[in-house]
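S.K.: Pasting in a structure now, in structure tokens, and then I'll have a few things to ask.
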Amino acid sequence: MDGWVSPRFGIRFRLAGGELTLYAPNGERFATYLEVLEQRDQERREKELALARAERLAAQLQALGIEPVA
């Protein structure tokens with residue numbers, strides 16, 4: 001399977017060191033399952049931080065007598 005290219009999708013398969021790596025037709029490596037999970041978790045953390053910041057800023061505006069727009 002090492003070096004095999006899917007005729008339909010153009011995806012290249014590479015087996016090195018017992019690990020299978022997939023490459024898109026443009027040569028870009030597909031992320032591994034663990035990399036995708038880490039990216040998802042990072043994006044969730046960033047979203048939670050942004051929401052917490054927005055809530056803090058809304059509370060500060062309300063303390064100044066300004067009603068934030070939803």
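Labeling convention for the structure tokens: chains A, B, ... as they appear, residues from 1 per chain, ligands from 1 in order of appearance.
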Hey, what does DSSP flag as strand (DSSP E) within chain A? Can you give it to me as a list of chain:residue names?
M.R.: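 Result set for chain A (strand (DSSP E)): A:Arg12, A:Phe13, A:Arg14, A:Leu15, A:Ala16, A:Glu19, A:Leu20, A:Thr21, A:Leu22, A:Tyr23.
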S.K.: According to DSSP computed on the backbone, where in chain A is there alpha helix (DSSP H)? Give the residues as a VMD selection string.
M.R.: chain A and resid 33 to 63
S.K.: Just the number, please: distance in Å from atom CA of A:Phe30 to atom CA of A:Asp2, one decimal.
M.R.: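 Going from atom CA of A:Phe30 over to atom CA of A:Asp2 covers 15.5 Å.
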S.K.: Quick one: everything within 10 Å of A:Thr32, counting only C-alpha atoms, minus sequence neighbours fewer than 6 positions away in the same chain. Send it as a PyMOL selection string.
M.R.: chain A and resi 20-22+38
S.K.: Let me see the file: selected residues, N, CA and C atoms, as a short mmCIF file (atom, residue, chain, number, x, y, z; two decimals), in the first residue's frame.
M.R.:
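That gives us part.cif:
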data_model
loop_
_atom_site.label_atom_id
_atom_site.label_comp_id
_atom_site.auth_asym_id
_atom_site.auth_seq_id
_atom_site.Cartn_x
_atom_site.Cartn_y
_atom_site.Cartn_z
N LEU A 20 0.64 4.68 8.95
CA LEU A 20 0.04 5.02 7.67
C LEU A 20 -0.27 6.51 7.63
N THR A 21 0.21 7.17 6.60
CA THR A 21 -0.03 8.60 6.43
C THR A 21 -0.74 8.79 5.10
N LEU A 22 -1.74 9.66 5.08
CA LEU A 22 -2.49 9.94 3.86
C LEU A 22 -2.21 11.36 3.41
N GLU A 38 -7.19 17.02 19.07
CA GLU A 38 -6.51 18.12 19.76
C GLU A 38 -6.96 19.47 19.21
#
S.K.: So that I can see what lies close to stretch 5-8 of chain A, please list as number ranges by chain the residues with an atom at most 10 Å from it, counting only C-alpha atoms and leaving out residues fewer than 4 positions away in the same chain.
M.R.: A: 1, 12-14, 22-25
S.K.: Give me a file of those residues, with N, CA and C atoms, as an mmCIF file, in the first residue's frame.
M.R.:
data_model
loop_
_atom_site.group_PDB
_atom_site.id
_atom_site.type_symbol
_atom_site.label_atom_id
_atom_site.label_comp_id
_atom_site.auth_asym_id
_atom_site.auth_seq_id
_atom_site.Cartn_x
_atom_site.Cartn_y
_atom_site.Cartn_z
ATOM 1 N N MET A 1 0.829 -1.199 0.000
ATOM 2 C CA MET A 1 0.000 0.000 0.000
ATOM 3 C C MET A 1 0.870 1.258 0.000
ATOM 4 N N ARG A 12 -2.922 9.798 -1.745
ATOM 5 C CA ARG A 12 -1.738 8.938 -1.711
ATOM 6 C C ARG A 12 -1.563 8.364 -0.315
ATOM 7 N N PHE A 13 -1.235 7.086 -0.254
ATOM 8 C CA PHE A 13 -1.025 6.383 1.005
ATOM 9 C C PHE A 13 0.467 6.125 1.174
ATOM 10 N N ARG A 14 0.969 6.409 2.368
ATOM 11 C CA ARG A 14 2.386 6.209 2.646
ATOM 12 C C ARG A 14 2.516 5.450 3.952
ATOM 13 N N LEU A 22 -1.738 9.660 5.082
ATOM 14 C CA LEU A 22 -2.490 9.939 3.864
ATOM 15 C C LEU A 22 -2.211 11.359 3.410
ATOM 16 N N TYR A 23 -2.105 11.512 2.083
ATOM 17 C CA TYR A 23 -1.836 12.817 1.494
ATOM 18 C C TYR A 23 -2.921 13.154 0.487
ATOM 19 N N ALA A 24 -3.361 14.398 0.511
ATOM 20 C CA ALA A 24 -4.366 14.890 -0.434
ATOM 21 C C ALA A 24 -3.737 15.000 -1.814
ATOM 22 N N PRO A 25 -4.556 15.141 -2.840
ATOM 23 C CA PRO A 25 -4.010 15.280 -4.199
ATOM 24 C C PRO A 25 -3.022 16.437 -4.358
#
S.K.: So that I can check the surroundings of A:Ala58, please list as a ChimeraX atom specification every protein, DNA and RNA residue that reaches within 8 Å of it, counting only C-alpha atoms and ignoring chain neighbours fewer than 4 positions away.
M.R.: /A:54,62,67-68
S.K.: Can you tell me how far atom CA of A:Arg40 sits from atom CA of A:Glu28, in Å to one decimal?
M.R.: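 According to the coordinates, atom CA of A:Arg40 and atom CA of A:Glu28 are separated by 19.6 Å.
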S.K.: In Å, how far is it from atom CA of A:Ala16 to atom CA of A:Gln42?
M.R.: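 According to the coordinates, atom CA of A:Ala16 and atom CA of A:Gln42 are separated by 28.2 Å.
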S.K.: Which is closer to A:Ile11 than all the others in A:Ala59, A:Ile66, A:Asn26, A:Ala31, using only C-alpha atoms?
M.R.: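 Comparing A:Ala59, A:Ile66, A:Asn26, A:Ala31 against A:Ile11, the winner is A:Asn26.
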